[in-house]
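J.: The file below is data-v4.txt, compact mmCIF, C-alpha atoms (C1' of nucleotides):
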```txt
# COMPACT_ATOMS: atom_id res chain seq x y z
CA MET B 17 67.55 116.27 65.64
CA PRO B 18 70.80 115.21 67.20
CA THR B 19 70.57 117.27 70.38
CA PRO B 20 66.99 117.92 71.50
CA ALA B 21 67.22 121.41 72.97
CA ALA B 22 69.73 120.23 75.59
CA PRO B 23 68.66 119.48 79.21
CA PRO B 24 68.08 122.20 81.85
CA PRO B 25 71.61 122.92 83.22
CA ALA B 26 72.84 122.69 79.61
CA PRO B 27 76.58 122.04 80.02
CA ALA B 28 77.10 123.24 76.45
CA ALA B 29 80.17 122.05 74.61
CA ARG B 30 83.11 124.28 75.46
CA ARG B 31 86.22 124.74 73.44
CA SER B 32 88.29 123.68 76.43
CA ASP B 33 86.63 120.32 76.92
CA ALA B 34 89.66 118.47 75.61
CA THR B 35 91.90 120.17 78.13
CA ARG B 36 89.47 119.51 80.95
CA ALA B 37 89.40 115.84 80.04
CA ALA B 38 93.18 115.67 79.83
CA ILE B 39 93.44 117.14 83.30
CA LEU B 40 90.95 114.64 84.71
CA GLU B 41 92.75 111.70 83.13
CA ALA B 42 96.14 112.83 84.40
CA ALA B 43 94.64 113.45 87.82
CA ARG B 44 93.16 109.98 88.01
CA GLU B 45 96.51 108.42 87.13
CA ARG B 46 98.47 110.50 89.60
CA PHE B 47 96.02 110.10 92.45
CA ALA B 48 95.94 106.34 91.91
CA ALA B 49 99.71 106.06 91.70
CA ASP B 50 100.79 108.53 94.37
CA GLY B 51 97.85 109.19 96.68
CA TYR B 52 96.42 112.61 97.47
CA ASP B 53 99.36 114.44 99.05
CA ARG B 54 102.09 113.30 96.70
CA ALA B 55 100.02 113.81 93.58
CA THR B 56 100.87 117.47 93.11
CA ILE B 57 98.86 119.81 90.94
CA ARG B 58 102.07 120.73 89.23
CA ALA B 59 102.77 117.13 88.28
CA ILE B 60 99.22 116.59 87.07
CA ALA B 61 99.43 119.75 84.98
CA ARG B 62 102.74 118.60 83.52
CA ASP B 63 101.18 115.27 82.52
CA ALA B 64 98.28 117.09 80.89
CA ARG B 65 100.72 119.49 79.20
CA ILE B 66 99.12 122.61 80.54
CA ASP B 67 99.83 125.20 83.21
CA PRO B 68 99.06 124.47 86.87
CA SER B 69 96.90 127.57 87.06
CA MET B 70 94.51 126.01 84.55
CA VAL B 71 93.70 123.28 87.02
CA MET B 72 92.70 125.93 89.53
CA ARG B 73 90.61 127.78 87.03
CA TYR B 74 88.66 124.71 85.93
CA TYR B 75 88.34 122.87 89.23
CA GLY B 76 88.71 125.57 91.87
CA SER B 77 91.10 123.73 94.16
CA LYS B 78 92.99 120.50 94.58
CA GLU B 79 90.13 119.15 96.63
CA GLY B 80 87.71 120.09 93.85
CA LEU B 81 89.88 118.37 91.29
CA PHE B 82 89.96 115.20 93.36
CA THR B 83 86.20 115.23 93.76
CA ALA B 84 85.74 115.65 90.03
CA ALA B 85 88.34 113.04 89.15
CA VAL B 86 87.11 110.19 91.32
CA SER B 87 83.40 109.79 91.02
CA VAL B 88 82.77 106.18 91.86
CA ASP B 89 79.89 104.11 90.64
CA LEU B 90 80.50 100.48 91.45
CA ALA B 91 77.54 99.52 89.25
CA LEU B 92 76.97 96.46 91.38
CA PRO B 93 74.92 93.77 89.68
CA ASP B 94 71.38 93.08 90.76
CA VAL B 95 72.13 90.05 92.89
CA SER B 96 68.47 89.43 93.67
CA ALA B 97 67.94 88.64 90.00
CA LEU B 98 70.06 85.49 90.08
CA PRO B 99 70.02 82.34 92.22
CA ARG B 100 70.78 83.21 95.80
CA ASP B 101 73.74 80.82 95.98
CA ARG B 102 75.45 82.57 93.06
CA ALA B 103 75.63 86.01 94.63
CA GLY B 104 79.10 85.47 96.10
CA GLU B 105 80.68 84.46 92.85
CA ALA B 106 78.96 87.28 90.97
CA LEU B 107 80.19 89.86 93.45
CA VAL B 108 83.78 88.63 93.37
CA ARG B 109 83.86 88.56 89.59
CA HIS B 110 82.34 92.02 89.37
CA PHE B 111 84.81 93.53 91.81
CA LEU B 112 87.75 91.92 90.07
CA SER B 113 86.87 93.37 86.69
CA LEU B 114 86.17 96.73 88.29
CA TRP B 115 89.62 96.90 89.81
CA GLU B 116 91.41 95.54 86.78
CA GLU B 117 90.08 98.19 84.45
CA ASN B 118 89.45 101.15 86.70
CA GLU B 119 92.31 102.97 88.32
CA VAL B 120 89.87 105.29 90.07
CA LEU B 121 89.22 102.65 92.70
CA THR B 122 92.89 102.41 93.53
CA ALA B 123 92.94 106.15 93.97
CA VAL B 124 89.96 106.07 96.32
CA LEU B 125 91.50 103.32 98.39
CA ARG B 126 94.86 105.10 98.65
CA VAL B 127 93.28 108.37 99.63
CA GLY B 128 90.92 106.60 101.99
CA ALA B 129 93.90 105.26 103.87
CA GLN B 130 95.56 108.65 103.82
CA SER B 131 93.16 111.27 105.09
CA ALA B 132 90.08 111.52 107.24
CA ALA B 133 88.16 113.04 104.35
CA GLY B 134 89.19 110.19 102.09
CA ALA B 135 88.13 107.63 104.66
CA GLU B 136 84.74 109.26 104.88
CA ARG B 137 84.31 109.09 101.14
CA THR B 138 85.08 105.37 101.27
CA ARG B 139 82.55 104.88 104.06
CA ASP B 140 79.95 106.63 101.91
CA ILE B 141 80.60 104.27 99.02
CA PHE B 142 80.21 101.31 101.35
CA ARG B 143 76.99 102.62 102.80
CA ASP B 144 75.40 103.75 99.55
CA GLN B 145 76.45 100.97 97.24
CA LEU B 146 77.48 97.76 98.99
CA LEU B 147 75.18 97.83 101.98
CA PRO B 148 71.94 97.98 99.92
CA VAL B 149 73.03 94.94 97.97
CA ALA B 150 73.65 93.02 101.18
CA GLN B 151 70.27 94.08 102.51
CA ARG B 152 68.57 92.64 99.48
CA VAL B 153 70.32 89.28 99.53
CA CYS B 154 70.71 88.63 103.25
CA PRO B 155 68.19 86.37 104.96
CA ASP B 156 67.77 88.71 107.93
CA PRO B 157 68.11 92.40 106.89
CA GLU B 158 69.18 93.26 110.42
CA GLN B 159 72.35 91.28 109.92
CA ALA B 160 73.11 93.04 106.65
CA PRO B 161 75.60 95.59 108.04
CA ALA B 162 77.74 92.91 109.69
CA ARG B 163 77.63 90.70 106.63
CA ALA B 164 78.43 93.57 104.29
CA ALA B 165 81.37 94.51 106.50
CA LEU B 166 82.74 90.99 106.24
CA VAL B 167 82.42 91.03 102.47
CA ALA B 168 84.01 94.46 102.25
CA SER B 169 86.91 93.46 104.45
CA HIS B 170 87.73 90.59 102.15
CA LEU B 171 87.25 92.36 98.84
CA LEU B 172 88.98 95.56 99.89
CA GLY B 173 91.75 93.48 101.42
CA LEU B 174 92.25 91.73 98.12
CA ALA B 175 92.45 95.07 96.36
CA LEU B 176 94.86 96.37 98.96
CA THR B 177 97.30 93.49 98.73
CA ARG B 178 97.03 93.14 94.97
CA TYR B 179 96.72 96.67 93.59
CA VAL B 180 98.10 98.97 96.29
CA LEU B 181 100.73 97.04 98.23
CA ARG B 182 101.41 94.81 95.24
CA ILE B 183 102.45 91.82 97.30
CA PRO B 184 103.89 89.46 94.67
CA SER B 185 101.96 86.41 95.85
CA ALA B 186 98.72 88.37 95.57
CA VAL B 187 99.59 89.83 92.19
CA ASP B 188 100.44 86.39 90.82
CA LEU B 189 97.03 84.93 91.61
CA SER B 190 94.98 84.40 88.46
CA GLU B 191 91.46 85.76 88.29
CA GLY B 192 90.17 82.21 88.17
CA GLU B 193 92.00 81.24 91.34
CA ILE B 194 90.72 84.30 93.15
CA VAL B 195 87.13 83.59 92.22
CA ALA B 196 87.46 79.92 93.14
CA TRP B 197 88.89 80.71 96.56
CA LEU B 198 86.98 83.85 97.54
CA ALA B 199 83.52 83.19 96.17
CA PRO B 200 82.65 80.52 98.79
CA SER B 201 83.77 82.84 101.61
CA VAL B 202 81.79 85.80 100.29
CA GLN B 203 78.79 83.57 99.67
CA ARG B 204 78.96 82.32 103.24
CA TYR B 205 79.20 85.87 104.62
CA LEU B 206 76.13 86.85 102.62
CA THR B 207 73.73 83.97 103.16
CA ALA B 208 75.01 81.36 105.61
CA PRO B 209 73.30 81.27 109.01
CA HIS B 210 75.06 83.15 111.77
CA PRO B 211 77.71 80.74 113.14
CA MET Q 13 125.26 92.21 139.45
CA PRO Q 14 122.48 94.09 137.72
CA THR Q 15 124.20 94.68 134.38
CA PRO Q 16 126.84 92.07 133.53
CA ALA Q 17 129.45 94.11 131.65
CA ALA Q 18 126.88 95.05 129.00
CA PRO Q 19 126.75 93.36 125.57
CA PRO Q 20 129.12 94.23 122.68
CA PRO Q 21 127.52 97.34 121.10
CA ALA Q 22 126.80 98.52 124.66
CA PRO Q 23 123.99 101.07 124.15
CA ALA Q 24 124.78 102.50 127.57
CA ALA Q 25 122.05 104.39 129.38
CA ARG Q 26 121.98 107.99 128.24
CA ARG Q 27 120.52 110.88 130.10
CA SER Q 28 118.30 111.64 127.11
CA ASP Q 29 116.63 108.25 126.98
CA ALA Q 30 113.37 109.63 128.32
CA THR Q 31 113.24 112.22 125.56
CA ARG Q 32 114.10 109.65 122.93
CA ALA Q 33 111.28 107.43 124.13
CA ALA Q 34 108.83 110.33 124.21
CA ILE Q 35 109.69 111.13 120.61
CA LEU Q 36 109.18 107.53 119.54
CA GLU Q 37 105.84 107.31 121.26
CA ALA Q 38 104.59 110.55 119.77
CA ALA Q 39 105.87 109.46 116.37
CA ARG Q 40 104.01 106.16 116.55
CA GLU Q 41 100.78 107.93 117.41
CA ARG Q 42 101.12 110.52 114.70
CA PHE Q 43 102.19 108.10 111.99
CA ALA Q 44 99.29 105.80 112.89
CA ALA Q 45 96.77 108.62 112.94
CA ASP Q 46 97.93 110.74 110.02
CA GLY Q 47 100.18 108.64 107.79
CA TYR Q 48 103.69 109.51 106.76
CA ASP Q 49 103.27 112.80 104.92
CA ARG Q 50 100.79 114.47 107.25
CA ALA Q 51 102.61 113.43 110.39
CA THR Q 52 104.98 116.37 110.48
CA ILE Q 53 108.14 116.39 112.54
CA ARG Q 54 106.95 119.63 114.07
CA ALA Q 55 103.72 118.05 115.27
CA ILE Q 56 105.54 115.03 116.66
CA ALA Q 57 107.98 117.29 118.47
CA ARG Q 58 105.11 119.32 119.87
CA ASP Q 59 103.48 116.16 121.21
CA ALA Q 60 106.76 115.12 122.82
CA ARG Q 61 107.21 118.64 124.17
CA ILE Q 62 110.62 119.19 122.66
CA ASP Q 63 112.12 121.11 119.76
CA PRO Q 64 111.85 119.72 116.22
CA SER Q 65 115.60 119.88 115.84
CA MET Q 66 115.97 117.28 118.59
CA VAL Q 67 114.21 114.77 116.39
CA MET Q 68 116.78 115.37 113.71
CA ARG Q 69 119.65 115.07 116.12
CA TYR Q 70 118.47 111.77 117.55
CA TYR Q 71 117.08 110.10 114.44
CA GLY Q 72 118.87 111.80 111.58
CA SER Q 73 115.87 112.37 109.34
CA LYS Q 74 112.14 111.85 109.13
CA GLU Q 75 112.74 108.60 107.32
CA GLY Q 76 115.09 107.49 110.10
CA LEU Q 77 112.50 108.37 112.71
CA PHE Q 78 109.88 106.35 110.92
CA THR Q 79 112.18 103.35 110.67
CA ALA Q 80 112.96 103.56 114.37
CA ALA Q 81 109.34 104.12 115.37
CA VAL Q 82 107.76 101.24 113.52
CA SER Q 83 109.72 98.07 113.99
CA VAL Q 84 107.22 95.31 113.53
CA ASP Q 85 107.40 91.88 115.06
CA LEU Q 86 104.12 90.10 114.51
CA ALA Q 87 105.27 87.35 116.92
CA LEU Q 88 103.12 84.86 115.08
CA PRO Q 89 102.31 81.75 117.08
CA ASP Q 90 103.91 78.45 116.22
CA VAL Q 91 100.98 77.02 114.32
CA SER Q 92 102.69 73.70 113.75
CA ALA Q 93 102.55 73.08 117.49
CA LEU Q 94 98.75 72.85 117.58
CA PRO Q 95 96.19 70.72 115.74
CA ARG Q 96 96.26 71.54 112.07
CA ASP Q 97 92.56 72.41 111.95
CA ARG Q 98 93.01 75.08 114.63
CA ALA Q 99 95.57 77.18 112.78
CA GLY Q 100 92.97 79.45 111.20
CA GLU Q 101 91.33 80.36 114.47
CA ALA Q 102 94.68 80.88 116.18
CA LEU Q 103 95.85 83.22 113.43
CA VAL Q 104 92.68 85.30 113.45
CA ARG Q 105 92.74 85.65 117.23
CA HIS Q 106 96.40 86.59 117.23
CA PHE Q 107 95.98 89.24 114.57
CA LEU Q 108 92.99 90.73 116.31
CA SER Q 109 94.80 91.21 119.59
CA LEU Q 110 97.83 92.57 117.74
CA TRP Q 111 95.77 95.25 116.06
CA GLU Q 112 93.74 96.10 119.12
CA GLU Q 113 96.75 96.85 121.26
CA ASN Q 114 99.36 97.95 118.80
CA GLU Q 115 98.98 101.19 116.91
CA VAL Q 116 102.23 100.53 115.09
CA LEU Q 117 100.45 98.19 112.71
CA THR Q 118 97.98 100.87 111.75
CA ALA Q 119 100.89 103.15 110.99
CA VAL Q 120 102.55 100.55 108.78
CA LEU Q 121 99.33 99.92 106.89
CA ARG Q 122 98.66 103.63 106.36
CA VAL Q 123 102.18 104.30 105.16
CA GLY Q 124 102.13 101.14 103.06
CA ALA Q 125 99.16 102.53 101.17
CA GLN Q 126 100.81 105.92 100.87
CA SER Q 127 104.30 105.51 99.47
CA ALA Q 128 106.29 103.04 97.45
CA ALA Q 129 108.80 102.70 100.27
CA GLY Q 130 106.01 101.98 102.73
CA ALA Q 131 104.54 99.36 100.43
CA GLU Q 132 107.91 97.66 100.22
CA ARG Q 133 108.17 97.53 103.97
CA THR Q 134 104.77 95.86 104.12
CA ARG Q 135 105.82 93.34 101.50
CA ASP Q 136 108.89 92.54 103.61
CA ILE Q 137 106.75 91.85 106.65
CA PHE Q 138 104.55 89.56 104.60
CA ARG Q 139 107.50 87.67 103.16
CA ASP Q 140 109.51 87.39 106.38
CA GLN Q 141 106.76 86.71 108.86
CA LEU Q 142 103.52 85.42 107.37
CA LEU Q 143 104.88 83.40 104.46
CA PRO Q 144 107.06 81.12 106.64
CA VAL Q 145 104.07 80.28 108.81
CA ALA Q 146 102.05 79.33 105.74
CA GLN Q 147 104.89 77.21 104.47
CA ARG Q 148 104.92 75.24 107.67
CA VAL Q 149 101.20 74.58 107.83
CA CYS Q 150 100.29 74.17 104.18
CA PRO Q 151 99.97 70.67 102.77
CA ASP Q 152 101.97 71.52 99.63
CA PRO Q 153 104.70 74.11 100.33
CA GLU Q 154 104.60 75.18 96.72
CA GLN Q 155 101.09 76.54 97.24
CA ALA Q 156 102.16 78.47 100.32
CA PRO Q 157 102.58 81.87 98.60
CA ALA Q 158 99.11 81.78 97.10
CA ARG Q 159 97.54 80.61 100.35
CA ALA Q 160 99.42 83.17 102.39
CA ALA Q 161 98.27 85.88 99.99
CA LEU Q 162 94.65 84.84 100.48
CA VAL Q 163 95.05 84.93 104.26
CA ALA Q 164 96.79 88.30 104.13
CA SER Q 165 94.13 89.79 101.89
CA HIS Q 166 91.45 88.88 104.39
CA LEU Q 167 93.29 89.86 107.57
CA LEU Q 168 94.71 93.11 106.17
CA GLY Q 169 91.31 93.86 104.71
CA LEU Q 170 89.75 93.49 108.12
CA ALA Q 171 92.35 95.81 109.59
CA LEU Q 172 91.77 98.28 106.78
CA THR Q 173 88.03 98.49 107.15
CA ARG Q 174 88.07 98.38 110.94
CA TYR Q 175 91.10 100.41 112.03
CA VAL Q 176 91.94 102.66 109.07
CA LEU Q 177 88.73 103.40 107.20
CA ARG Q 178 86.67 102.83 110.35
CA ILE Q 179 83.59 101.65 108.50
CA PRO Q 180 80.96 101.57 111.26
CA SER Q 181 79.68 98.09 110.43
CA ALA Q 182 83.23 96.74 110.68
CA VAL Q 183 83.99 98.62 113.89
CA ASP Q 184 80.82 97.31 115.50
CA LEU Q 185 81.72 93.66 114.98
CA SER Q 186 82.68 91.98 118.24
CA GLU Q 187 85.93 90.06 118.44
CA GLY Q 188 83.93 86.88 118.91
CA GLU Q 189 81.91 87.47 115.77
CA ILE Q 190 85.04 88.17 113.76
CA VAL Q 191 86.71 84.98 114.90
CA ALA Q 192 83.60 82.93 114.28
CA TRP Q 193 83.19 84.25 110.76
CA LEU Q 194 86.77 84.58 109.59
CA ALA Q 195 88.44 81.55 111.14
CA PRO Q 196 86.76 79.04 108.80
CA SER Q 197 87.77 81.09 105.76
CA VAL Q 198 91.38 81.43 106.89
CA GLN Q 199 91.49 77.77 107.82
CA ARG Q 200 90.27 76.84 104.37
CA TYR Q 201 92.85 79.06 102.68
CA LEU Q 202 95.59 77.40 104.71
CA THR Q 203 94.78 73.72 104.52
CA ALA Q 204 91.81 72.92 102.26
CA PRO Q 205 92.65 71.25 98.95
CA HIS Q 206 92.94 73.54 95.97
CA PRO Q 207 89.35 74.05 94.71
C1' DA F 9 86.68 144.47 60.40
C1' DG F 10 85.95 145.17 65.33
C1' DC F 11 85.39 143.80 69.82
C1' DG F 12 83.98 141.00 73.57
C1' DT F 13 84.87 136.29 75.22
C1' DT F 14 87.50 132.37 75.99
C1' DG F 15 91.81 129.53 76.62
C1' DG F 16 96.22 129.69 78.10
C1' DC F 17 100.67 131.01 80.23
C1' DC F 18 103.88 133.50 83.27
C1' DA F 19 105.42 135.21 87.42
C1' DA F 20 104.78 135.89 91.88
C1' DC F 21 102.93 135.25 96.83
C1' DT F 22 102.26 132.75 101.02
C1' DG F 23 102.51 129.10 104.01
C1' DT F 24 104.61 124.91 105.48
C1' DT F 25 108.08 121.44 105.65
C1' DG F 26 112.49 119.03 106.49
C1' DT F 27 116.74 120.34 107.80
C1' DT F 28 120.92 122.92 109.67
C1' DG F 29 124.12 125.56 112.66
C1' DG F 30 124.99 128.22 116.51
C1' DC F 31 124.21 129.34 121.22
C1' DC F 32 123.24 128.48 126.19
C1' DA F 33 122.51 125.88 130.57
C1' DA F 34 122.91 121.77 133.11
C1' DC F 35 125.53 117.99 134.25
C1' DC F 36 129.66 115.04 135.29
C1' DC F 37 134.13 113.90 136.57
C1' DG F 38 138.74 114.88 138.08
C1' DC K 25 136.02 124.10 141.34
C1' DG K 26 136.56 124.03 136.35
C1' DG K 27 136.50 122.39 131.79
C1' DG K 28 134.50 119.14 128.71
C1' DT K 29 130.42 116.76 127.43
C1' DT K 30 125.59 116.42 126.87
C1' DG K 31 120.70 118.04 126.27
C1' DG K 32 118.10 121.45 124.59
C1' DC K 33 116.30 125.55 122.14
C1' DC K 34 116.20 129.37 118.75
C1' DA K 35 116.42 131.21 114.37
C1' DA K 36 117.10 130.67 109.91
C1' DC K 37 117.40 128.40 105.22
C1' DA K 38 115.95 126.26 100.97
C1' DA K 39 112.61 123.73 98.64
C1' DC K 40 108.20 123.05 97.35
C1' DA K 41 103.29 123.21 97.71
C1' DG K 42 98.65 125.41 96.54
C1' DT K 43 96.98 129.45 94.96
C1' DT K 44 96.34 134.14 92.68
C1' DG K 45 96.24 137.95 89.33
C1' DG K 46 97.63 139.94 85.23
C1' DC K 47 98.81 139.63 80.48
C1' DC K 48 98.49 137.88 75.66
C1' DA K 49 96.65 135.43 71.59
C1' DA K 50 93.05 133.03 69.33
C1' DC K 51 88.37 132.61 68.52
C1' DG K 52 83.49 133.96 67.28
C1' DC K 53 79.84 136.78 66.61
C1' DT K 54 77.79 140.89 64.35
```
Turn the structure described in the file into structure tokens.

T.:
Amino acid sequence: MPTPAAPPPAPAARRSDATRAAILEAARERFAADGYDRATIRAIARDARIDPSMVMRYYGSKEGLFTAAVSVDLALPDVSALPRDRAGEALVRHFLSLWEENEVLTAVLRVGAQSAAGAERTRDIFRDQLLPVAQRVCPDPEQAPARAALVASHLLGLALTRYVLRIPSAVDLSEGEIVAWLAPSVQRYLTAPHP
Amino acid sequence: MPTPAAPPPAPAARRSDATRAAILEAARERFAADGYDRATIRAIARDARIDPSMVMRYYGSKEGLFTAAVSVDLALPDVSALPRDRAGEALVRHFLSLWEENEVLTAVLRVGAQSAAGAERTRDIFRDQLLPVAQRVCPDPEQAPARAALVASHLLGLALTRYVLRIPSAVDLSEGEIVAWLAPSVQRYLTAPHP
DNA sequence: AGCGTTGGCCAACTGTTGTTGGCCAACCCG
DNA sequence: CGGGTTGGCCAACAACAGTTGGCCAACGCT
């Protein structure tokens, strides 16, 4: 049996699934490229080749569309599974590939810098996804918030200069260079004794 | 003589200077707090207790107001005047006090993340103000762009997490902690041999 | 075949925004 | 004192946004 009775809230395949997906994809692109305010529903609908009112019907509001379009799972690696002195490099590499392939993160960062609601969403991601990792790898769990903040400031700063502001010098850095330079800093923030 | 014949383009004191200044101050606050799009001329005018049309008369357009409101001079210290291994700490300290006292920088960062024009302005600041400093302190001037990009990613990232996103863990860091943690990283990016 | 359901579009409404032009009072200078 | 200049406000405009409701065609089940 291909589909075993379908789970409780059975989404059930709808005939409009293709359209829904097209809207989400267009929304992700527009939000990443233009930020929340300038990514208009009309433009997203045009990209998806449907009428703006469809967006409202399927996602309720612009806010609802944004929520549906950018669901972020950083899928951070289990740093406690590898040697403690490799955590920095692993984190940097993971973030880099995340940003390179996933425009959703650019959208979250743009919107986070744009509105109070967006900033709160970014804070949630930090708290729910990066902080736990830091707590598991830090020597003293009490220092985890500070250490995670340092790591976040560096990694988000890299994303900001490279993918949002597109400062040429930051764009030109190769992935290898970035890892070689940043990994020691991140490693130090995670595990080095408080200076 | 208090005013010696006034310089060439003699601005000449106008009776409306107080109003002009009030507009600029309100604009800086609003742009820093809300970003470009959500900082409406009407709201700025309300803060300055004048009519929205006055803003247009004095600054031509919203874009003109923004340009006039955020003129950024980082006033970076002359790092070549102090011991080479102190440049990192000096830079971090300088940036911190800049951000703490100057809301203009928050405005520039917000708008930089919001619009293409804003991003370009941020790139200009990087190129005209931070890059030259890196060129003067770096061992090999050819590596200056890459090293300056690394420094910028960390310092702008700190500003992003602390002053824009307001991630609690980043806000709670004391200035002393930040300097102690970041200075070695920045120093390494500036002067350490390529890894 | 018949009819309810679904997917889709069109046209319109409402609120807000940047922007403009005209009007009035206060000021300044001779 | 009197006319020109300046500072300021009011009211309106046009564009554009998110959002809504009604209409039509295609589909699918019985």

J.: Using all atoms listed in the file, find each residue of chain B with at least one atom at most 8 Å away from an atom of chain K; report its shortest atom-to-atom pair and that distance in Å (one decimal), sort the rows by chain and rising residue number, and return the result as JSON lines.

T.:
```
{"residue": "B:Thr56", "atom": "CA", "partner": "K:DA41", "partner_atom": "C1'", "distance": 7.7}
{"residue": "B:Ile57", "atom": "CA", "partner": "K:DG42", "partner_atom": "C1'", "distance": 7.9}
{"residue": "B:Met72", "atom": "CA", "partner": "K:DT43", "partner_atom": "C1'", "distance": 7.8}
{"residue": "B:Lys78", "atom": "CA", "partner": "K:DG42", "partner_atom": "C1'", "distance": 7.7}
```

J.: At a cut-off of 12 Å, list the chain F residues touching chain Q, using all atoms listed in the file, as a list in words.

T.: DT24, DT25, DG26, DT27, DT28, DG29, DA34, DC35 and DC36 of chain F

J.: Can you tell me which residues surround segment 150-164 of chain B at a distance of at most 7 Å, considering only C-alpha atoms (C1' of nucleotides), apart from same-chain residues fewer than 5 positions away, and format the answer as a list in words?

T.: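 Everything that qualifies: Val95, Ser96, Tyr205, Leu206 and Thr207 of chain B; Ser181, Ala182 and Leu185 of chain Q.
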
J.: Please report the interatomic distance between atom CA of Ala123 of chain B and atom CA of Phe47 of chain B in Å with one decimal.

T.: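 Atom-to-atom, atom CA of Ala123 of chain B and atom CA of Phe47 of chain B are spaced 5.2 Å apart.
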
J.: Could you please tell me, as a ChimeraX atom specification, which residues of chain Q have an atom within 8 Å of chain B when using all atoms listed in the file?

T.: /Q:46-47,49,122,124-127,131-132,134-135,138,157-158,160-162,164-173,176-179,181-182,184-185,192-193,197,201,207

J.: Find the residues around segment 91-94 of chain B up to 10 Å (all atoms listed in the file counted), leave out those fewer than 4 positions away in its own chain, and share them as a ChimeraX atom specification.

T.: /B:98,103,106-107,110-111,114,145-146,149,152-153

J.: Can you tell me how far atom CA of Leu108 of chain Q sits from atom CA of Ile35 of chain Q, in Å to one decimal?

T.: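 It comes out at 26.7 Å.
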
J.: Report, in Å with one decimal, the straight-line distance from atom CA of Glu119 of chain B to atom CA of Ile66 of chain B.

T.: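 Computing the Euclidean distance for atom CA of Glu119 of chain B and atom CA of Ile66 of chain B yields 22.2 Å.
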
J.: Using the partial input, fill out segment 98-113 of chain Q with N, CA and C atoms; write the result as a short mmCIF file (atom, residue, chain, number, x, y, z; two decimals), keeping the file's coordinate frame.

T.:
```
data_model
loop_
_atom_site.label_atom_id
_atom_site.label_comp_id
_atom_site.auth_asym_id
_atom_site.auth_seq_id
_atom_site.Cartn_x
_atom_site.Cartn_y
_atom_site.Cartn_z
N ARG Q 98 93.20 73.94 113.74
CA ARG Q 98 93.01 75.08 114.63
C ARG Q 98 93.83 76.29 114.19
N ALA Q 99 94.65 76.12 113.19
CA ALA Q 99 95.57 77.18 112.78
C ALA Q 99 94.81 78.45 112.39
N GLY Q 100 93.72 78.29 111.65
CA GLY Q 100 92.97 79.45 111.20
C GLY Q 100 92.49 80.29 112.37
N GLU Q 101 91.84 79.63 113.33
CA GLU Q 101 91.33 80.36 114.47
C GLU Q 101 92.46 81.04 115.25
N ALA Q 102 93.55 80.31 115.44
CA ALA Q 102 94.68 80.88 116.18
C ALA Q 102 95.21 82.14 115.49
N LEU Q 103 95.32 82.07 114.17
CA LEU Q 103 95.85 83.22 113.43
C LEU Q 103 94.92 84.43 113.56
N VAL Q 104 93.63 84.19 113.38
CA VAL Q 104 92.68 85.30 113.45
C VAL Q 104 92.72 85.94 114.84
N ARG Q 105 92.70 85.11 115.86
CA ARG Q 105 92.74 85.65 117.23
C ARG Q 105 94.02 86.45 117.47
N HIS Q 106 95.13 85.90 117.01
CA HIS Q 106 96.40 86.59 117.23
C HIS Q 106 96.43 87.95 116.54
N PHE Q 107 96.00 87.97 115.30
CA PHE Q 107 95.98 89.24 114.57
C PHE Q 107 95.07 90.25 115.24
N LEU Q 108 93.92 89.80 115.67
CA LEU Q 108 92.99 90.73 116.31
C LEU Q 108 93.61 91.39 117.53
N SER Q 109 94.23 90.59 118.39
CA SER Q 109 94.80 91.21 119.59
C SER Q 109 95.99 92.09 119.23
N LEU Q 110 96.74 91.71 118.21
CA LEU Q 110 97.83 92.57 117.74
C LEU Q 110 97.30 93.95 117.38
N TRP Q 111 96.28 93.98 116.56
CA TRP Q 111 95.77 95.25 116.06
C TRP Q 111 95.11 96.05 117.17
N GLU Q 112 94.44 95.36 118.07
CA GLU Q 112 93.74 96.10 119.12
C GLU Q 112 94.71 96.85 120.02
N GLU Q 113 95.87 96.25 120.27
CA GLU Q 113 96.75 96.85 121.26
C GLU Q 113 97.90 97.63 120.65
#
```
